[in-house]
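Shown next: upload_25.cif, given as mmCIF, C-alpha atoms and all ligand atoms.
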data_start
loop_
_atom_site.label_atom_id
_atom_site.label_comp_id
_atom_site.auth_asym_id
_atom_site.auth_seq_id
_atom_site.Cartn_x
_atom_site.Cartn_y
_atom_site.Cartn_z
CA MET B 16 137.58 119.67 96.69
CA GLY B 17 136.37 121.51 93.60
CA GLN B 18 134.36 124.69 93.35
CA LEU B 19 131.10 124.40 95.33
CA ALA B 20 128.91 126.89 93.44
CA GLY B 21 128.84 129.33 90.54
CA PRO B 22 129.88 129.12 86.88
CA THR B 23 132.76 126.76 86.03
CA ASP B 24 133.94 124.18 83.49
CA PRO B 25 133.09 120.93 85.36
CA SER B 26 135.79 118.69 83.84
CA ALA B 27 138.48 121.35 84.47
CA ASP B 28 137.14 121.67 88.03
CA ALA B 29 137.49 117.87 88.36
CA ARG B 30 141.15 118.30 87.25
CA TRP B 31 140.96 116.11 84.14
CA PRO B 32 144.39 116.42 82.49
CA LYS B 33 143.05 115.65 78.98
CA ARG B 34 139.54 116.96 79.07
CA LYS B 35 137.15 117.08 76.12
CA PRO B 36 134.64 119.80 75.22
CA ARG B 37 131.65 119.59 77.58
CA LYS B 38 128.87 117.48 76.07
CA GLY B 39 125.15 117.80 76.73
CA PHE B 40 121.62 117.85 75.38
CA PHE B 41 119.29 120.55 74.14
CA THR B 42 115.75 119.17 74.37
CA ASP B 43 113.33 121.33 72.39
CA THR B 44 109.92 120.36 73.75
CA SER B 45 108.15 122.48 71.09
CA ILE B 46 108.86 119.73 68.53
CA CYS B 47 108.44 116.65 70.76
CA ILE B 48 105.60 114.39 69.52
CA GLY B 49 105.61 112.05 72.52
CA CYS B 50 106.55 108.93 70.55
CA LYS B 51 108.77 107.66 73.40
CA ALA B 52 111.34 106.30 70.95
CA CYS B 53 114.07 107.81 73.18
CA GLU B 54 112.77 105.91 76.22
CA VAL B 55 112.84 102.63 74.30
CA ALA B 56 116.29 103.27 72.76
CA CYS B 57 117.70 104.09 76.20
CA LYS B 58 116.30 100.92 77.72
CA GLU B 59 117.57 98.81 74.85
CA TRP B 60 121.08 100.24 74.80
CA ASN B 61 121.52 100.12 78.58
CA HIS B 62 119.69 96.79 79.10
CA ASN B 63 117.38 98.45 81.60
CA PRO B 64 114.38 96.40 82.75
CA ARG B 65 110.82 97.60 82.29
CA ASP B 66 109.10 99.45 85.15
CA GLY B 67 106.15 97.57 86.60
CA ASP B 68 103.91 95.24 84.65
CA LEU B 69 102.59 97.39 81.77
CA GLU B 70 100.02 98.95 84.10
CA LEU B 71 98.18 102.08 82.95
CA LEU B 72 98.43 105.09 85.22
CA GLY B 73 94.77 106.01 84.81
CA SER B 74 95.60 109.72 85.12
CA SER B 75 97.43 110.23 81.83
CA TYR B 76 98.17 108.61 78.46
CA ASP B 77 101.75 108.44 79.76
CA ASN B 78 102.35 105.00 81.24
CA THR B 79 105.87 105.25 82.61
CA GLY B 80 105.04 108.11 84.98
CA ALA B 81 108.46 109.43 85.96
CA LEU B 82 112.23 109.09 85.67
CA GLY B 83 113.53 106.24 87.78
CA ALA B 84 116.23 103.65 88.34
CA SER B 85 115.12 101.76 85.21
CA THR B 86 113.73 104.69 83.17
CA TRP B 87 116.64 107.02 82.47
CA ARG B 88 114.69 108.94 79.80
CA HIS B 89 111.07 109.77 80.47
CA VAL B 90 108.71 111.47 78.04
CA ALA B 91 106.18 113.31 80.17
CA PHE B 92 102.69 113.85 78.74
CA ILE B 93 101.20 116.91 80.40
CA GLU B 94 97.51 117.11 79.64
CA GLN B 95 96.31 120.65 80.32
CA SER B 96 92.68 121.51 80.90
CA GLN B 97 90.82 124.68 79.94
CA GLU B 98 91.57 126.11 83.40
CA ARG B 99 95.36 125.75 83.02
CA ILE B 100 95.26 127.09 79.47
CA ALA B 101 93.33 130.14 80.74
CA GLN B 102 95.91 130.65 83.52
CA ALA B 103 98.75 130.44 81.00
CA ARG B 104 96.96 132.96 78.72
CA GLU B 105 96.30 135.34 81.66
CA SER B 106 100.06 135.72 82.00
CA GLY B 107 99.84 137.54 78.64
CA ARG B 108 101.64 134.81 76.72
CA ALA B 109 100.79 133.43 73.32
CA LEU B 110 100.66 129.64 73.52
CA VAL B 111 102.55 127.26 71.26
CA GLU B 112 100.35 124.61 69.65
CA LEU B 113 101.97 121.20 69.47
CA GLY B 114 100.54 120.01 66.16
CA MET B 115 100.10 116.26 65.99
CA PRO B 116 100.94 114.26 62.86
CA ALA B 117 97.92 113.76 60.57
CA ILE B 118 97.40 111.40 57.61
CA GLY B 119 96.76 113.03 54.22
CA SER B 120 95.31 116.53 54.04
CA GLN B 121 92.72 116.14 56.81
CA PRO B 122 92.51 119.15 59.14
CA ASP B 123 94.33 118.61 62.40
CA THR B 124 91.60 118.40 65.04
CA SER B 125 93.72 116.58 67.61
CA PRO B 126 93.45 117.75 71.25
CA PRO B 127 96.37 120.21 71.29
CA ASN B 128 94.52 122.36 68.79
CA THR B 129 91.27 122.72 70.73
CA PRO B 130 90.69 125.67 73.09
CA GLU B 131 89.70 123.26 75.89
CA PHE B 132 92.72 121.00 75.88
CA ARG B 133 96.44 121.24 75.35
CA TRP B 134 99.09 118.57 75.40
CA LEU B 135 102.67 119.36 76.42
CA MET B 136 105.33 116.72 75.88
CA SER B 137 108.85 116.71 77.18
CA SER B 138 111.60 114.12 77.27
CA ASP B 139 113.23 114.48 80.69
CA VAL B 140 116.64 113.13 81.67
CA CYS B 141 119.50 113.60 84.17
CA LYS B 142 120.62 117.23 84.05
CA HIS B 143 124.37 116.43 84.29
CA CYS B 144 124.64 119.48 86.55
CA THR B 145 127.69 121.76 86.66
CA HIS B 146 127.58 121.30 90.45
CA ALA B 147 126.03 117.87 90.90
CA GLY B 148 124.46 117.25 94.31
CA CYS B 149 124.51 113.47 93.75
CA LEU B 150 128.27 113.45 93.14
CA ASP B 151 129.13 115.96 95.88
CA VAL B 152 127.40 114.00 98.65
CA CYS B 153 128.36 110.42 97.60
CA PRO B 154 130.47 108.96 100.45
CA THR B 155 132.11 106.18 98.39
CA GLY B 156 133.12 108.09 95.25
CA ALA B 157 130.79 105.91 93.17
CA LEU B 158 129.70 108.95 91.15
CA PHE B 159 132.37 110.63 89.08
CA ARG B 160 132.76 113.52 86.63
CA THR B 161 133.85 112.39 83.19
CA GLU B 162 136.25 114.14 80.83
CA PHE B 163 133.10 115.30 78.92
CA GLY B 164 131.78 117.10 82.02
CA THR B 165 129.00 114.53 82.55
CA VAL B 166 128.14 112.60 85.73
CA VAL B 167 128.26 108.78 85.83
CA VAL B 168 127.60 106.12 88.52
CA GLN B 169 130.12 103.28 88.87
CA ASP B 170 127.82 100.35 89.61
CA ASP B 171 130.55 98.27 91.24
CA VAL B 172 131.56 101.05 93.69
CA CYS B 173 128.05 102.13 94.80
CA ASN B 174 127.13 100.61 98.19
CA GLY B 175 123.43 101.48 97.83
CA CYS B 176 123.36 103.92 100.77
CA GLY B 177 121.02 106.30 98.89
CA THR B 178 122.76 109.55 99.95
CA CYS B 179 122.84 110.68 96.30
CA VAL B 180 119.06 110.23 96.06
CA ALA B 181 118.61 112.95 98.70
CA GLY B 182 121.42 115.07 97.19
CA CYS B 183 119.88 115.48 93.72
CA PRO B 184 117.71 118.63 93.56
CA PHE B 185 115.83 117.23 90.54
CA GLY B 186 114.79 113.83 91.96
CA VAL B 187 116.60 112.03 89.12
CA VAL B 188 118.81 109.35 90.68
CA GLU B 189 117.14 106.37 92.33
CA ARG B 190 118.15 102.98 93.69
CA ARG B 191 116.92 100.02 91.69
CA SER B 192 114.77 98.33 94.29
CA ASP B 193 113.61 94.74 94.55
CA GLY B 194 110.02 95.98 94.32
CA THR B 195 110.21 97.03 90.66
CA ALA B 196 112.98 94.80 89.37
CA ALA B 197 112.20 91.35 87.98
CA PRO B 198 114.19 88.37 89.34
CA GLY B 199 117.65 88.20 87.80
CA THR B 200 117.82 91.96 87.13
CA ARG B 201 121.33 93.39 87.50
CA ASN B 202 122.31 96.25 89.82
CA VAL B 203 119.44 95.76 92.26
CA GLY B 204 119.90 98.14 95.23
CA VAL B 205 122.42 100.24 93.29
CA ALA B 206 121.90 103.95 92.40
CA GLN B 207 121.00 104.24 88.71
CA LYS B 208 120.58 107.11 86.25
CA CYS B 209 121.48 108.31 82.73
CA THR B 210 125.20 108.07 81.95
CA LEU B 211 124.82 110.33 78.88
CA CYS B 212 125.86 107.10 77.17
CA TYR B 213 129.46 107.39 78.41
CA ASP B 214 130.26 104.08 76.70
CA ARG B 215 129.17 105.62 73.38
CA LEU B 216 130.85 109.01 73.95
CA VAL B 217 134.28 107.43 74.39
CA GLU B 218 133.74 105.79 70.98
CA ASP B 219 132.72 109.17 69.47
CA GLN B 220 129.11 107.99 69.09
CA THR B 221 125.88 109.92 69.66
CA PRO B 222 123.84 108.85 72.73
CA ALA B 223 121.15 106.30 71.87
CA CYS B 224 118.20 108.57 72.76
CA ALA B 225 119.37 111.52 70.63
CA LYS B 226 120.25 109.20 67.75
CA THR B 227 116.72 107.74 67.80
CA CYS B 228 114.64 110.92 68.21
CA PRO B 229 112.70 111.24 64.90
CA THR B 230 111.93 114.97 65.20
CA THR B 231 115.37 116.12 66.48
CA SER B 232 113.68 117.32 69.66
CA ILE B 233 116.69 115.83 71.50
CA LYS B 234 119.87 117.44 70.22
CA PHE B 235 123.28 116.26 71.37
CA GLY B 236 126.58 118.08 71.01
CA ASP B 237 129.03 120.53 72.57
CA HIS B 238 127.33 122.25 75.46
CA ASP B 239 128.22 125.81 74.42
CA ASP B 240 126.91 125.26 70.86
CA LEU B 241 123.69 123.76 72.22
CA VAL B 242 123.08 126.71 74.55
CA ALA B 243 123.60 129.09 71.59
CA GLN B 244 121.13 127.00 69.50
CA ALA B 245 118.63 127.02 72.35
CA ARG B 246 118.82 130.81 72.72
CA ALA B 247 118.35 131.25 68.96
CA ARG B 248 115.31 128.93 68.98
CA VAL B 249 113.67 130.86 71.84
CA ALA B 250 114.33 134.14 70.01
CA GLN B 251 112.74 132.65 66.85
CA LEU B 252 109.62 131.51 68.73
CA HIS B 253 109.32 134.88 70.48
CA ALA B 254 109.63 136.67 67.12
CA GLU B 255 106.72 134.54 65.89
CA GLY B 256 104.68 135.78 68.88
CA LEU B 257 105.01 132.52 70.84
CA THR B 258 106.19 134.29 73.94
CA GLU B 259 105.67 131.45 76.41
CA ALA B 260 108.81 129.61 75.22
CA ARG B 261 111.61 129.76 77.76
CA LEU B 262 114.90 128.04 78.58
CA TYR B 263 115.60 125.84 81.59
CA GLY B 264 119.13 125.02 82.75
CA ALA B 265 120.94 127.54 80.53
CA ASN B 266 121.65 130.04 83.31
CA GLU B 267 125.09 129.37 84.80
CA LEU B 268 124.27 131.71 87.68
CA ASP B 269 121.45 129.46 88.96
CA GLY B 270 121.78 127.29 92.09
CA VAL B 271 123.55 124.43 90.27
CA GLY B 272 125.80 126.52 88.00
CA GLY B 273 123.66 125.63 84.96
CA THR B 274 123.06 122.14 83.61
CA GLY B 275 124.52 119.98 80.86
CA SER B 276 120.97 119.10 79.72
CA VAL B 277 119.20 122.29 78.63
CA PHE B 278 115.46 122.41 77.88
CA LEU B 279 113.15 124.68 75.92
CA LEU B 280 109.85 124.66 77.84
CA LEU B 281 106.40 125.94 76.85
CA ASP B 282 105.13 126.62 80.36
CA SER B 283 106.60 127.17 83.82
CA PRO B 284 109.06 124.49 85.05
CA GLU B 285 106.66 123.37 87.80
CA VAL B 286 104.16 122.29 85.10
CA TYR B 287 106.79 119.78 83.90
CA GLY B 288 107.61 118.69 87.47
CA LEU B 289 110.92 120.61 87.42
CA PRO B 290 112.07 122.73 90.38
CA PRO B 291 111.92 126.45 89.46
CA ASP B 292 115.05 127.29 91.46
CA PRO B 293 117.23 124.16 91.90
CA ARG B 294 120.09 124.44 94.38
CA VAL B 295 122.98 122.06 95.01
CA PRO B 296 123.04 121.17 98.75
CA THR B 297 126.80 121.80 99.02
CA ALA B 298 126.45 125.46 97.91
CA ASP B 299 125.75 126.40 101.53
CA LEU B 300 128.76 124.53 102.99
CA PRO B 301 131.06 127.60 103.45
CA GLN B 302 128.33 129.42 105.40
CA MET B 303 127.56 126.30 107.46
CA PHE B 304 131.24 125.87 108.33
CA LYS B 305 131.51 129.57 109.28
CA ARG B 306 128.50 129.28 111.60
CA ALA B 307 129.84 126.07 113.16
CA LEU B 308 133.20 127.79 113.72
CA VAL B 309 131.55 130.81 115.40
CA ALA B 310 129.41 128.49 117.58
CA GLY B 311 132.52 126.44 118.52
CA ALA B 312 134.49 129.57 119.38
CA GLY B 313 131.58 130.83 121.52
CA MET B 314 131.38 127.53 123.44
CA PHE B 315 135.15 127.51 123.97
CA ALA B 316 135.03 131.11 125.28
CA ALA B 317 132.12 130.29 127.63
CA ALA B 318 133.88 127.15 128.95
CA SER B 319 137.14 129.09 129.49
CA LEU B 320 135.27 131.85 131.36
CA ALA B 321 133.50 129.31 133.59
CA PHE B 322 136.81 127.60 134.33
CA TRP B 323 138.56 130.91 135.10
CA LYS B 324 135.73 132.07 137.42
CA GLY B 325 135.67 128.74 139.21
CA ARG B 326 139.34 129.00 140.26
S1 LIG Q 401 120.25 115.93 87.88
FE1 LIG Q 401 120.56 114.91 89.86
S2 LIG Q 401 121.41 112.90 89.28
FE2 LIG Q 401 121.69 114.24 87.47
S3 LIG Q 401 123.76 115.17 87.76
FE3 LIG Q 401 122.27 116.60 88.65
S4 LIG Q 401 122.27 116.03 90.84
FE4 LIG Q 401 123.15 114.29 89.73
S1 LIG Q 402 122.13 109.51 77.02
FE1 LIG Q 402 122.06 107.25 76.93
S2 LIG Q 402 121.69 106.68 79.09
FE2 LIG Q 402 121.14 108.87 78.91
S3 LIG Q 402 118.94 108.92 78.48
FE3 LIG Q 402 120.01 108.95 76.48
S4 LIG Q 402 120.13 106.78 75.89
FE4 LIG Q 402 119.67 106.81 78.09
#
Starting from the coordinates I provided, produce the structure as structure tokens.
Amino acid sequence: MGQLAGPTDPSADARWPKRKPRKGFFTDTSICIGCKACEVACKEWNHNPRDGDLELLGSSYDNTGALGASTWRHVAFIEQSQERIAQARESGRALVELGMPAIGSQPDTSPPNTPEFRWLMSSDVCKHCTHAGCLDVCPTGALFRTEFGTVVVQDDVCNGCGTCVAGCPFGVVERRSDGTAAPGTRNVGVAQKCTLCYDRLVEDQTPACAKTCPTTSIKFGDHDDLVAQARARVAQLHAEGLTEARLYGANELDGVGGTGSVFLLLDSPEVYGLPPDPRVPTADLPQMFKRALVAGAGMFAAASLAFWKGR
């Protein structure tokens, strides 16, 4: 068994003899325009079916709603009202305006630039955690750590038990159910999530989503370089007075040992539906085993005492 918590190189921990530099994403939400090109590219490359029947959510301009078994990239549209903007300002932070593209020299009067409304956009994806709850709890070994430090499901090994679904602290992995999959869809009942385009990485290709992103909001590369880029970008935004920018997933001392997918956010993680303090379930195993051992020793001592007294 590998290391259960704390900073580590995941492919070295998985004992890959010929490992590659760890790959990952840096998603800079301050330049995401919500075009959803990454969602479409991901579906096309991976032959993933559409979710539902083109129904509108009714609560947002976003119509995919969330990451899922068939949506491995999801661009969240977070529409913030005056109340939320006021709350964000009360924290003493200067807010980043997400300017929307305009035609010609017309002034940009789109919603993000009004005091009453702000739009946050973020392309979410599997975090490819350093300590991946999905992989650690899988009873069949269907999930594995690649030589690039990423986490991939082997469709033909997964038995559809769903243990990984409960093991992921981010709610990323999901079984493709009969309810959402059209007849003839492959991998129904099987756990599905982003592979970080493993089939492209082994051919030295950029993942489909990053390749397609028109604003370079999704950056792909060596994990260490991306974290350095992300820190520099936050420092730049802070220097410009945009102090609400912050990183998510770049802290290797967090509950999952840091993530392969790092994000620059413009509000607290909860606003984007991300857990503020994710923790891999197996991090508590040593303590649980210790307590079970103490309890077992106590029961053995009590049983021995009762036996000795009864003689
Ligand atoms: S985000 Fe969830 S599904 Fe992705 S590697 Fe981490 S635990 Fe696994
Ligand atoms: S890396 Fe590949 S599988 Fe993952 S979200 Fe991007 S396109 Fe989809």
Exercise. Once you count only C-alpha atoms and all ligand atoms, which residues end up within 6 Å of ligand LIG 402 (chain Q), and could you hand them over as a PyMOL selection string?
Worked result: chain B and resi 57+87-88+140+209-212+222-224
For this session: Find the residues near ligand LIG 401 (chain Q). Use a cut-off of 8 Å, count all atoms listed in the file, and write them as a ChimeraX atom specification.
Result: /B:140-150,165-166,179-180,182-188,208-209,274,295
For this session: Between CA of Arg104 in chain B and CA of Arg248 in chain B, measure the distance and give it in Å to one decimal.
Result: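 About the pair CA of Arg104 in chain B and CA of Arg248 in chain B: they are 21.2 Å apart.
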For this session: In Å, rounded to a single decimal, give me how far CA of Asp171 in chain B is from CA of Ser138 in chain B.
Result: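 According to the coordinates, CA of Ser138 in chain B and CA of Asp171 in chain B are separated by 28.4 Å.
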For this session: May I ask for the distance between CA of Ala101 in chain B and CA of Ser232 in chain B, given in Å to one decimal place?
Result: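 Computing the Euclidean distance for CA of Ala101 in chain B and CA of Ser232 in chain B yields 26.5 Å.
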For this session: Using only C-alpha atoms, find the one residue out of B:Arg34, B:Val167, B:Leu262, B:Ile46 that sits nearest to Ala250 in chain B.
Result: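 Checking each candidate against Ala250 in chain B, we get B:Leu262 as the closest.
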Put the listed atoms of range 70-88 of chain B in a box along x, y and z with 4 Å added on every side and give me the centre and edge lengths in Å to one decimal, as AutoDock Vina command-line options.
--center_x 105.7 --center_y 104.6 --center_z 83.4 --size_x 29.9 --size_y 19.3 --size_z 17.9
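The nearest approach to Gly164 in chain B among the residues B:Leu300, B:Ala29, B:Cys53, B:Leu268, with only C-alpha atoms taken into account, belongs to B:Ala29.
For the residues B:Ile100, B:Thr42, B:Asn266, B:Trp134, ranking by smallest atom-to-atom distance to Ser75 in chain B using all atoms listed in the file places B:Trp134 first.
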